[in-house]
$ cat protein_17.cif   # mmCIF, C-alpha atoms
data_start
#
loop_
_atom_site.label_atom_id
_atom_site.label_comp_id
_atom_site.auth_asym_id
_atom_site.auth_seq_id
_atom_site.Cartn_x
_atom_site.Cartn_y
_atom_site.Cartn_z
CA GLU H 1 37.38 -15.41 -4.33
CA MET H 2 33.69 -14.65 -4.99
CA GLU H 3 34.17 -14.88 -8.76
CA LYS H 4 35.70 -18.35 -8.34
CA ARG H 5 32.77 -19.43 -6.18
CA VAL H 6 30.29 -18.29 -8.83
CA VAL H 7 32.18 -20.12 -11.59
CA LEU H 8 32.29 -23.31 -9.51
CA HIS H 9 28.58 -22.99 -8.69
CA LYS H 10 27.74 -22.69 -12.39
CA LYS H 11 29.92 -25.72 -13.27
CA ARG H 12 28.00 -27.85 -10.75
CA ARG H 13 24.69 -27.22 -12.50
CA PRO H 14 23.41 -30.00 -14.72
CA SER H 15 23.93 -29.21 -18.40
CA SER H 16 20.19 -29.66 -18.98
CA TRP H 17 19.40 -26.60 -16.83
CA GLN H 18 18.51 -23.35 -18.52
CA THR H 19 19.86 -20.43 -16.49
CA ILE H 20 18.35 -16.97 -16.54
CA GLU H 21 20.08 -14.41 -14.35
CA GLU H 22 17.57 -11.61 -13.85
CA PRO H 23 18.35 -9.20 -11.02
CA LEU H 24 15.24 -6.98 -11.30
CA GLU H 25 12.54 -8.12 -13.76
CA LEU H 26 11.70 -11.50 -12.21
CA PRO H 27 7.96 -11.47 -13.11
CA GLN H 28 8.82 -10.89 -16.78
CA ALA H 29 11.49 -13.60 -16.71
CA VAL H 30 8.95 -16.07 -15.28
CA ARG H 31 6.38 -15.08 -17.90
CA SER H 32 8.95 -15.75 -20.64
CA LEU H 33 8.91 -19.41 -19.53
CA HIS H 34 5.11 -19.86 -19.53
CA ASP H 35 4.98 -22.56 -22.17
CA GLN H 36 7.75 -24.63 -20.61
CA LYS H 37 7.17 -27.63 -18.38
CA GLY H 38 9.38 -28.74 -15.53
CA LEU H 39 10.72 -26.92 -12.50
CA LEU H 40 11.57 -23.26 -12.12
CA LEU H 41 14.12 -22.59 -9.35
CA VAL H 42 14.24 -19.03 -8.02
CA ASP H 43 17.46 -18.62 -6.05
CA SER H 44 16.94 -16.39 -4.24
CA LEU H 45 13.92 -14.30 -3.33
CA SER H 46 15.99 -12.43 -0.73
CA GLY H 47 18.64 -11.48 -3.28
CA TRP H 48 15.97 -10.27 -5.69
CA LEU H 49 14.34 -8.21 -2.91
CA ALA H 50 17.71 -6.63 -2.07
CA ASN H 51 18.20 -5.78 -5.75
CA GLN H 52 14.73 -4.21 -5.87
CA MET H 53 15.42 -2.26 -2.71
CA TYR H 54 18.73 -0.85 -3.88
CA SER H 55 17.37 -0.10 -7.33
CA LEU H 56 14.63 2.04 -5.76
CA GLY H 57 16.91 3.47 -3.10
CA GLN H 58 19.56 4.55 -5.57
CA LYS H 59 16.97 6.39 -7.62
CA GLU H 60 15.01 8.04 -4.83
CA GLY H 61 16.93 7.58 -1.56
CA GLY H 62 15.56 6.50 1.80
CA TRP H 63 13.10 3.77 2.73
CA ASP H 64 9.39 4.30 3.29
CA GLN H 65 6.00 2.60 3.04
CA GLN H 66 5.56 3.59 -0.59
CA LYS H 67 8.80 1.85 -1.57
CA GLU H 68 7.75 -1.19 0.44
CA LYS H 69 4.40 -1.25 -1.37
CA THR H 70 6.14 -0.93 -4.74
CA ILE H 71 8.39 -3.91 -4.00
CA LEU H 72 5.60 -6.03 -2.52
CA ASP H 73 3.53 -5.30 -5.64
CA MET H 74 6.45 -6.79 -7.61
CA VAL H 75 6.23 -9.89 -5.37
CA LYS H 76 2.51 -10.11 -6.23
CA ALA H 77 3.37 -9.81 -9.93
CA PHE H 78 5.94 -12.61 -9.53
CA LEU H 79 3.38 -14.86 -7.80
CA SER H 80 0.83 -14.12 -10.51
CA ALA H 81 3.37 -15.02 -13.20
CA VAL H 82 4.10 -18.32 -11.43
CA ARG H 83 0.37 -19.13 -11.10
CA ASP H 84 -0.21 -18.41 -14.79
CA GLY H 85 2.68 -20.60 -15.95
CA SER H 86 2.94 -24.29 -16.80
CA CYS H 87 5.91 -25.24 -14.64
CA SER H 88 6.28 -25.89 -10.94
CA CYS H 89 8.26 -23.32 -8.97
CA LEU H 90 10.67 -23.73 -6.07
CA VAL H 91 11.60 -20.50 -4.28
CA VAL H 92 14.68 -20.22 -2.07
CA SER H 93 14.69 -17.40 0.47
CA ASP H 94 16.53 -16.41 3.61
CA GLU H 95 14.87 -16.15 7.01
CA VAL H 96 16.49 -12.96 8.27
CA GLY H 97 13.99 -12.33 11.05
CA TRP H 98 15.59 -14.78 13.47
CA GLY H 99 18.72 -12.76 14.06
CA LEU H 100 19.36 -9.57 15.94
CA VAL H 101 17.39 -6.49 14.99
CA PRO H 102 19.61 -4.56 12.55
CA ASP H 103 20.98 -1.27 13.87
CA THR H 104 20.36 0.62 10.62
CA ALA H 105 17.06 1.79 9.14
CA GLU H 106 18.06 0.15 5.86
CA GLY H 107 18.70 -3.19 7.58
CA ARG H 108 15.39 -3.06 9.46
CA PHE H 109 13.56 -2.16 6.24
CA PHE H 110 15.08 -5.18 4.48
CA ARG H 111 14.34 -7.49 7.40
CA ASP H 112 10.67 -6.47 7.46
CA LEU H 113 10.37 -6.53 3.66
CA ASN H 114 11.91 -9.99 3.42
CA GLY H 115 9.60 -11.31 6.14
CA LYS H 116 6.49 -9.95 4.42
CA ALA H 117 7.57 -11.33 1.05
CA ASN H 118 8.33 -14.74 2.59
CA GLN H 119 4.83 -14.77 4.10
CA MET H 120 3.25 -13.92 0.74
CA VAL H 121 5.16 -16.68 -1.03
CA ALA H 122 4.41 -19.20 1.75
CA ARG H 123 0.67 -18.41 1.61
CA ALA H 124 0.68 -18.98 -2.16
CA ALA H 125 2.76 -22.17 -1.97
CA GLN H 126 1.41 -25.70 -1.84
CA GLN H 127 4.36 -26.77 0.30
CA VAL H 128 6.80 -24.86 2.52
CA PHE H 129 10.02 -26.22 4.01
CA LEU H 130 12.54 -24.70 6.38
CA VAL H 131 15.98 -26.14 5.75
CA VAL H 132 18.02 -26.48 8.95
CA ALA H 133 21.54 -27.92 8.80
CA GLY H 134 20.73 -29.29 5.35
CA ILE H 135 17.60 -31.07 6.59
CA PRO H 136 14.22 -29.97 5.16
CA VAL H 137 11.63 -29.48 7.89
CA PRO H 138 8.05 -29.40 6.57
CA ILE H 139 6.11 -26.27 7.58
CA LYS H 140 3.11 -26.56 5.26
#
$ encode --input "protein_17.cif" --output "structure tokens"
Amino acid sequence: EMEKRVVLHKKRRPSSWQTIEEPLELPQAVRSLHDQKGLLLVDSLSGWLANQMYSLGQKEGGWDQQKEKTILDMVKAFLSAVRDGSCSCLVVSDEVGWGLVPDTAEGRFFRDLNGKANQMVARAAQQVFLVVAGIPVPIK
């Protein structure tokens, strides 16, 4: 079922869109587009953070402040790449901090990491919107 959803999602994209699926090296992917004009859509920051987290976790196991710093440094590198580029950037991310506190250390680590990354991106952004029931609510 998930494979069908992905195929349908891709078919809905305008043919003029260039798609880059980069699960880990987002800053480098953004830098590869530096000379291009237009809009860069990052969908989603939360998915990329989860990929970063599991990439580090699989290699070293466990979650700690050093791993958080490593991932947040990648967020800084992403923001730097966006600032240095020619195109506008729209970042989609989940707000996972509004739900229940996860009962696993891994879940709590992700929740905190996602919240910190969202704050970093929001501080760097010219505009921030929260989308509720399909309606964009301006935050900044």
$ axis_aligned_box --input "protein_17.cif" --around "region 25-37 of chain H" --padding-each-side "6 Å" --output "lines of an AutoDock Vina configuration file"
center_x = 8.8
center_y = -17.9
center_z = -17.2
size_x = 19.6
size_y = 31.5
size_z = 22.0
$ closest_atom_pairs --input "protein_17.cif" --of "region 25-102 of chain H" --to "region 108-120 of chain H" --cutoff "8 Å" --atoms "only C-alpha atoms" --output "JSON lines"
{"residue": "H:Ser46", "atom": "CA", "partner": "H:Asn114", "partner_atom": "CA", "distance": 6.3}
{"residue": "H:Leu49", "atom": "CA", "partner": "H:Asn114", "partner_atom": "CA", "distance": 7.0}
{"residue": "H:Ala50", "atom": "CA", "partner": "H:Phe110", "partner_atom": "CA", "distance": 7.2}
{"residue": "H:Met53", "atom": "CA", "partner": "H:Phe110", "partner_atom": "CA", "distance": 7.8}
{"residue": "H:Trp63", "atom": "CA", "partner": "H:Phe109", "partner_atom": "CA", "distance": 6.9}
{"residue": "H:Glu68", "atom": "CA", "partner": "H:Leu113", "partner_atom": "CA", "distance": 6.8}
{"residue": "H:Leu72", "atom": "CA", "partner": "H:Ala117", "partner_atom": "CA", "distance": 6.7}
{"residue": "H:Val75", "atom": "CA", "partner": "H:Ala117", "partner_atom": "CA", "distance": 6.7}
{"residue": "H:Lys76", "atom": "CA", "partner": "H:Met120", "partner_atom": "CA", "distance": 8.0}
{"residue": "H:Ser93", "atom": "CA", "partner": "H:Asn118", "partner_atom": "CA", "distance": 7.2}
{"residue": "H:Asp94", "atom": "CA", "partner": "H:Asn114", "partner_atom": "CA", "distance": 7.9}
{"residue": "H:Glu95", "atom": "CA", "partner": "H:Gly115", "partner_atom": "CA", "distance": 7.2}
{"residue": "H:Val96", "atom": "CA", "partner": "H:Arg111", "partner_atom": "CA", "distance": 5.9}
{"residue": "H:Gly97", "atom": "CA", "partner": "H:Arg111", "partner_atom": "CA", "distance": 6.1}
{"residue": "H:Val101", "atom": "CA", "partner": "H:Arg108", "partner_atom": "CA", "distance": 6.8}
{"residue": "H:Pro102", "atom": "CA", "partner": "H:Arg108", "partner_atom": "CA", "distance": 5.4}
$ resolve_selection --input "protein_17.cif" --expression "the PyMOL selection byres ((chain H and resi 91) around 10)" --output "short mmCIF file (atom, residue, chain, number, x, y, z; two decimals) with C-alpha atoms, in the frame of the given file"
data_model
loop_
_atom_site.label_atom_id
_atom_site.label_comp_id
_atom_site.auth_asym_id
_atom_site.auth_seq_id
_atom_site.Cartn_x
_atom_site.Cartn_y
_atom_site.Cartn_z
CA LEU H 40 11.57 -23.26 -12.12
CA LEU H 41 14.12 -22.59 -9.35
CA VAL H 42 14.24 -19.03 -8.02
CA ASP H 43 17.46 -18.62 -6.05
CA SER H 44 16.94 -16.39 -4.24
CA LEU H 45 13.92 -14.30 -3.33
CA SER H 46 15.99 -12.43 -0.73
CA CYS H 89 8.26 -23.32 -8.97
CA LEU H 90 10.67 -23.73 -6.07
CA VAL H 92 14.68 -20.22 -2.07
CA SER H 93 14.69 -17.40 0.47
CA ASN H 118 8.33 -14.74 2.59
CA VAL H 121 5.16 -16.68 -1.03
CA ALA H 122 4.41 -19.20 1.75
CA ALA H 125 2.76 -22.17 -1.97
CA VAL H 128 6.80 -24.86 2.52
#
$ resolve_selection --input "protein_17.cif" --expression "the PyMOL selection byres ((chain H and resi 34) around 9)" --output "JSON, numbers by chain"
{"H": [30, 31, 32, 33, 35, 36, 37, 81, 82, 84, 85, 86, 87]}
$ closest_residue --input "protein_17.cif" --among "H:Gly38, H:Glu1, H:Val6, H:Tyr54" --to "Gln18 (chain H)" --atoms "all atoms listed in the file"
H:Gly38
$ resolve_selection --input "protein_17.cif" --expression "the PyMOL selection byres ((chain H and resi 138) around 8)" --output "NGL selection string"
:H and (127-130 or 136-137 or 139-140)
$ closest_residue --input "protein_17.cif" --among "H:Gln66, H:Ser55, H:Ser80, H:Ser15" --to "Gln28 (chain H)" --atoms "all atoms listed in the file"
H:Ser80
$ closest_residue --input "protein_17.cif" --among "H:Ser88, H:Thr70, H:Gln126, H:Ser16" --to "Leu56 (chain H)" --atoms "only C-alpha atoms"
H:Thr70
$ atom_distance --input "protein_17.cif" --atom1 "CA of Phe78 (chain H)" --atom2 "CA of Pro14 (chain H)"
25.2 Å
$ atom_distance --input "protein_17.cif" --atom1 "CA of Leu26 (chain H)" --atom2 "CA of Trp48 (chain H)"
7.9 Å
$ atom_distance --input "protein_17.cif" --atom1 "CA of Leu79 (chain H)" --atom2 "CA of Pro27 (chain H)"
7.8 Å
$ closest_residue --input "protein_17.cif" --among "H:Gly62, H:Ile71, H:Met2, H:Ala29" --to "Thr104 (chain H)" --atoms "only C-alpha atoms"
H:Gly62
$ decode --input "protein_17.cif" --residues "region 1-139 of chain H" --atoms "C-alpha atoms" --output "mmCIF file, in the first residue's frame"
data_model
loop_
_atom_site.group_PDB
_atom_site.id
_atom_site.type_symbol
_atom_site.label_atom_id
_atom_site.label_comp_id
_atom_site.auth_asym_id
_atom_site.auth_seq_id
_atom_site.Cartn_x
_atom_site.Cartn_y
_atom_site.Cartn_z
ATOM 1 C CA GLU H 1 0.000 0.000 0.000
ATOM 2 C CA MET H 2 2.836 2.413 0.856
ATOM 3 C CA GLU H 3 4.550 1.817 -2.487
ATOM 4 C CA LYS H 4 1.308 2.714 -4.288
ATOM 5 C CA ARG H 5 1.005 5.900 -2.241
ATOM 6 C CA VAL H 6 4.539 6.944 -3.171
ATOM 7 C CA VAL H 7 3.920 6.266 -6.873
ATOM 8 C CA LEU H 8 0.685 8.295 -6.775
ATOM 9 C CA HIS H 9 2.426 11.129 -4.915
ATOM 10 C CA LYS H 10 5.145 11.262 -7.580
ATOM 11 C CA LYS H 11 2.561 11.265 -10.409
ATOM 12 C CA ARG H 12 0.840 14.301 -8.862
ATOM 13 C CA ARG H 13 4.006 16.389 -9.071
ATOM 14 C CA PRO H 14 4.195 18.872 -11.928
ATOM 15 C CA SER H 15 6.479 17.634 -14.706
ATOM 16 C CA SER H 16 8.533 20.825 -14.366
ATOM 17 C CA TRP H 17 9.675 19.828 -10.865
ATOM 18 C CA GLN H 18 13.143 18.428 -10.398
ATOM 19 C CA THR H 19 13.117 15.798 -7.652
ATOM 20 C CA ILE H 20 16.135 14.921 -5.554
ATOM 21 C CA GLU H 21 15.578 12.222 -2.961
ATOM 22 C CA GLU H 22 18.413 12.587 -0.467
ATOM 23 C CA PRO H 23 17.920 10.784 2.851
ATOM 24 C CA LEU H 24 21.145 11.910 4.582
ATOM 25 C CA GLU H 25 23.266 14.499 2.734
ATOM 26 C CA LEU H 26 20.729 17.338 2.565
ATOM 27 C CA PRO H 27 23.267 20.210 2.868
ATOM 28 C CA GLN H 28 25.224 18.837 -0.092
ATOM 29 C CA ALA H 29 22.041 18.346 -2.119
ATOM 30 C CA VAL H 30 21.056 21.975 -1.468
ATOM 31 C CA ARG H 31 24.539 23.183 -2.423
ATOM 32 C CA SER H 32 24.265 21.277 -5.717
ATOM 33 C CA LEU H 33 21.365 23.609 -6.618
ATOM 34 C CA HIS H 34 23.133 26.902 -5.791
ATOM 35 C CA ASP H 35 22.983 28.369 -9.268
ATOM 36 C CA GLN H 36 19.322 27.554 -9.771
ATOM 37 C CA LYS H 37 16.494 30.023 -9.264
ATOM 38 C CA GLY H 38 13.009 29.200 -8.089
ATOM 39 C CA LEU H 39 11.726 27.323 -5.062
ATOM 40 C CA LEU H 40 13.360 24.494 -3.162
ATOM 41 C CA LEU H 41 10.852 22.331 -1.262
ATOM 42 C CA VAL H 42 12.277 20.223 1.565
ATOM 43 C CA ASP H 43 9.695 17.598 2.501
ATOM 44 C CA SER H 44 10.362 16.848 5.245
ATOM 45 C CA LEU H 45 12.794 18.084 7.864
ATOM 46 C CA SER H 46 11.391 15.562 10.359
ATOM 47 C CA GLY H 47 11.992 12.651 8.001
ATOM 48 C CA TRP H 48 15.544 13.819 7.359
ATOM 49 C CA LEU H 49 16.158 14.140 11.116
ATOM 50 C CA ALA H 50 14.865 10.600 11.665
ATOM 51 C CA ASN H 51 17.193 9.349 8.927
ATOM 52 C CA GLN H 52 20.121 11.159 10.566
ATOM 53 C CA MET H 53 19.199 9.738 13.942
ATOM 54 C CA TYR H 54 18.954 6.155 12.758
ATOM 55 C CA SER H 55 22.098 6.464 10.679
ATOM 56 C CA LEU H 56 24.044 7.505 13.783
ATOM 57 C CA GLY H 57 22.211 5.091 16.053
ATOM 58 C CA GLN H 58 22.849 2.100 13.829
ATOM 59 C CA LYS H 59 26.549 2.867 13.769
ATOM 60 C CA GLU H 60 27.080 3.702 17.423
ATOM 61 C CA GLY H 61 23.931 2.757 19.357
ATOM 62 C CA GLY H 62 22.103 4.811 21.960
ATOM 63 C CA TRP H 63 21.196 8.487 22.050
ATOM 64 C CA ASP H 64 23.212 11.176 23.798
ATOM 65 C CA GLN H 65 24.108 14.868 23.689
ATOM 66 C CA GLN H 66 27.008 14.281 21.315
ATOM 67 C CA LYS H 67 24.715 12.653 18.747
ATOM 68 C CA GLU H 68 22.240 15.503 19.186
ATOM 69 C CA LYS H 69 25.031 18.030 18.591
ATOM 70 C CA THR H 70 26.182 16.137 15.498
ATOM 71 C CA ILE H 71 22.680 16.196 14.004
ATOM 72 C CA LEU H 72 22.018 19.829 14.943
ATOM 73 C CA ASP H 73 25.342 20.741 13.307
ATOM 74 C CA MET H 74 23.936 19.130 10.142
ATOM 75 C CA VAL H 75 20.857 21.370 10.501
ATOM 76 C CA LYS H 76 23.201 24.381 10.720
ATOM 77 C CA ALA H 77 25.003 23.174 7.584
ATOM 78 C CA PHE H 78 21.636 22.839 5.808
ATOM 79 C CA LEU H 79 20.630 26.382 6.822
ATOM 80 C CA SER H 80 23.996 27.714 5.667
ATOM 81 C CA ALA H 81 23.565 25.986 2.304
ATOM 82 C CA VAL H 82 20.106 27.544 1.923
ATOM 83 C CA ARG H 83 21.425 31.023 2.824
ATOM 84 C CA ASP H 84 24.255 30.708 0.305
ATOM 85 C CA GLY H 85 21.971 29.610 -2.532
ATOM 86 C CA SER H 86 19.991 31.535 -5.143
ATOM 87 C CA CYS H 87 16.581 29.940 -4.655
ATOM 88 C CA SER H 88 13.898 30.385 -2.032
ATOM 89 C CA CYS H 89 13.335 27.458 0.311
ATOM 90 C CA LEU H 90 10.160 26.064 1.830
ATOM 91 C CA VAL H 91 10.681 23.554 4.649
ATOM 92 C CA VAL H 92 7.952 21.145 5.750
ATOM 93 C CA SER H 93 8.301 19.692 9.240
ATOM 94 C CA ASP H 94 6.169 17.928 11.805
ATOM 95 C CA GLU H 95 5.324 19.412 15.194
ATOM 96 C CA VAL H 96 5.745 16.333 17.359
ATOM 97 C CA GLY H 97 5.930 18.205 20.654
ATOM 98 C CA TRP H 98 2.178 18.627 20.989
ATOM 99 C CA GLY H 99 1.418 14.980 21.611
ATOM 100 C CA LEU H 100 2.027 12.736 24.560
ATOM 101 C CA VAL H 101 5.558 12.369 25.861
ATOM 102 C CA PRO H 102 6.941 9.218 24.196
ATOM 103 C CA ASP H 103 7.527 6.287 26.533
ATOM 104 C CA THR H 104 10.878 5.345 24.969
ATOM 105 C CA ALA H 105 14.217 7.131 25.245
ATOM 106 C CA GLU H 106 14.485 7.002 21.461
ATOM 107 C CA GLY H 107 11.080 8.662 21.036
ATOM 108 C CA ARG H 108 11.894 11.387 23.561
ATOM 109 C CA PHE H 109 15.246 12.008 21.870
ATOM 110 C CA PHE H 110 13.524 12.439 18.500
ATOM 111 C CA ARG H 111 10.832 14.689 19.955
ATOM 112 C CA ASP H 112 13.417 16.993 21.528
ATOM 113 C CA LEU H 113 15.670 16.916 18.461
ATOM 114 C CA ASN H 114 12.799 17.740 16.109
ATOM 115 C CA GLY H 115 11.691 20.621 18.342
ATOM 116 C CA LYS H 116 15.189 22.123 18.461
ATOM 117 C CA ALA H 117 15.629 21.765 14.701
ATOM 118 C CA ASN H 118 12.220 23.353 14.064
ATOM 119 C CA GLN H 119 13.231 26.300 16.259
ATOM 120 C CA MET H 120 16.505 26.726 14.360
ATOM 121 C CA VAL H 121 14.735 26.697 11.002
ATOM 122 C CA ALA H 122 12.001 29.061 12.241
ATOM 123 C CA ARG H 123 14.590 31.550 13.552
ATOM 124 C CA ALA H 124 16.336 31.528 10.162
ATOM 125 C CA ALA H 125 13.105 31.807 8.162
ATOM 126 C CA GLN H 126 11.543 35.006 6.896
ATOM 127 C CA GLN H 127 8.079 33.500 7.301
ATOM 128 C CA VAL H 128 6.719 30.625 9.400
ATOM 129 C CA PHE H 129 3.292 29.021 9.066
ATOM 130 C CA LEU H 130 1.561 26.325 11.077
ATOM 131 C CA VAL H 131 -0.854 24.392 8.883
ATOM 132 C CA VAL H 132 -3.955 23.274 10.789
ATOM 133 C CA ALA H 133 -6.682 21.323 8.975
ATOM 134 C CA GLY H 134 -5.166 22.461 5.682
ATOM 135 C CA ILE H 135 -5.287 26.137 6.683
ATOM 136 C CA PRO H 136 -1.978 28.029 6.978
ATOM 137 C CA VAL H 137 -1.803 30.057 10.192
ATOM 138 C CA PRO H 138 0.920 32.728 10.139
ATOM 139 C CA ILE H 139 3.367 32.488 13.060
#
